[in-house]
Amino acid sequence: MRENKRGISELIAYALLVGLAISLSVIVYMWLEVYVKPSSINVCPSGTSLIIEDYSCSLSGILTLKVKNKGLFNVSGFILRINNRSKLGEPLGNPIYRLRPTTGPGAGGDFFVFGGDNEPLAPGLNKEFTDIAYCGTLTEIEIQPIRLEEGIDEPILCDKAVIRQKVSLSSGCKIEC
């Protein structure tokens, strides 16, 4: 009696092909899961907002700035930039000077912070910063909120929450350098 072994060998070949395809797809999936891991890009929440509630300038070149958190989230601090163009006819551009804190919790750092140990400013609260030295004619103030998060070394810059405030020339914000 003759047996037809050809049908069984084709069945085994198809089973091996299916098994090989499944195992290769599992290997590729595991490799892609590690290789193409989504990076954890830290961005500021869209409800982050600081405003310049008030400012004043002294004749000795000291700026006092009062900022308020009008957003929905805590803000750890801000970057302060000013434009001190000396000619009135110049077009408005990006603020050209970045001011750094010389006194207070953020002294010597790159940005102003709201309290010691990186205490954030809660929504609805305000904070006044004094003794901010500048030179020239102050024509524009720009603040950019930042957030400091646990476990993240770099501050998170809130690029979409930058606020610019034109300074009136009658406010006395002019000092000879």
# chains A, B, ... in the order shown; residues from 1 in each chain; ligands from 1
$ residues_around --residues "region 122-126 of chain A" --least-positions-apart "4" --cutoff "9 Å" --atoms "only C-alpha atoms" --output "PyMOL selection string"
chain A and resi 49+53+66-76
$ closest_residue --among "A:Ile41, A:Leu20, A:Leu99, A:Ile51" --to "Tyr134 (chain A)" --atoms "only C-alpha atoms"
A:Leu99
$ closest_residue --among "A:Val36, A:Leu59, A:Ile143, A:Pro155" --to "Arg81 (chain A)" --atoms "only C-alpha atoms"
A:Ile143
$ atom_distance --atom1 "CA of Glu140 (chain A)" --atom2 "CA of Glu154 (chain A)"
27.2 Å
$ closest_residue --among "A:Glu150, A:Pro101, A:Pro120, A:Val26" --to "Ile79 (chain A)" --atoms "only C-alpha atoms"
A:Pro101
$ atom_distance --atom1 "CA of Arg164 (chain A)" --atom2 "CA of Ile141 (chain A)"
5.7 Å
$ closest_residue --among "A:Trp31, A:Phe78, A:Tyr14, A:Phe111" --to "Ile52 (chain A)" --atoms "only C-alpha atoms"
A:Phe78
$ atom_distance --atom1 "CA of Ile132 (chain A)" --atom2 "CA of Asn42 (chain A)"
29.6 Å
$ residues_around --residues "Lys174 (chain A)" --least-positions-apart "6" --cutoff "12 Å" --atoms "only C-alpha atoms" --output "PyMOL selection string"
chain A and resi 56-63+83-87+133-140+167-168
$ write_last_selection --atoms "C-alpha atoms" --output "PDB file, in the first residue's frame"
ATOM      1  CA  SER A  56       7.895 101.269  37.639  1.00  0.00           C
ATOM      2  CA  CYS A  57      11.300 102.728  36.951  1.00  0.00           C
ATOM      3  CA  SER A  58      13.521 104.854  39.125  1.00  0.00           C
ATOM      4  CA  LEU A  59      15.929 107.556  38.011  1.00  0.00           C
ATOM      5  CA  SER A  60      18.820 105.389  39.162  1.00  0.00           C
ATOM      6  CA  GLY A  61      18.052 102.655  36.592  1.00  0.00           C
ATOM      7  CA  ILE A  62      16.126 100.251  38.803  1.00  0.00           C
ATOM      8  CA  LEU A  63      13.063  98.462  37.456  1.00  0.00           C
ATOM      9  CA  ASN A  83      14.449  96.497  24.668  1.00  0.00           C
ATOM     10  CA  ASN A  84      16.246  99.732  25.376  1.00  0.00           C
ATOM     11  CA  ARG A  85      16.451 101.399  22.009  1.00  0.00           C
ATOM     12  CA  SER A  86      17.781 104.886  22.282  1.00  0.00           C
ATOM     13  CA  LYS A  87      16.180 106.225  19.074  1.00  0.00           C
ATOM     14  CA  ALA A 133      19.067  97.061  37.149  1.00  0.00           C
ATOM     15  CA  TYR A 134      19.017  98.229  33.538  1.00  0.00           C
ATOM     16  CA  CYS A 135      20.739 100.838  31.427  1.00  0.00           C
ATOM     17  CA  GLY A 136      19.445 103.135  28.669  1.00  0.00           C
ATOM     18  CA  THR A 137      15.924 103.946  27.564  1.00  0.00           C
ATOM     19  CA  LEU A 138      13.558 101.147  28.508  1.00  0.00           C
ATOM     20  CA  THR A 139      10.934 100.882  25.757  1.00  0.00           C
ATOM     21  CA  GLU A 140       9.674  97.300  25.956  1.00  0.00           C
ATOM     22  CA  VAL A 167       6.798 101.008  28.226  1.00  0.00           C
ATOM     23  CA  SER A 168       5.543 104.579  28.015  1.00  0.00           C
TER      24      SER A 168
END
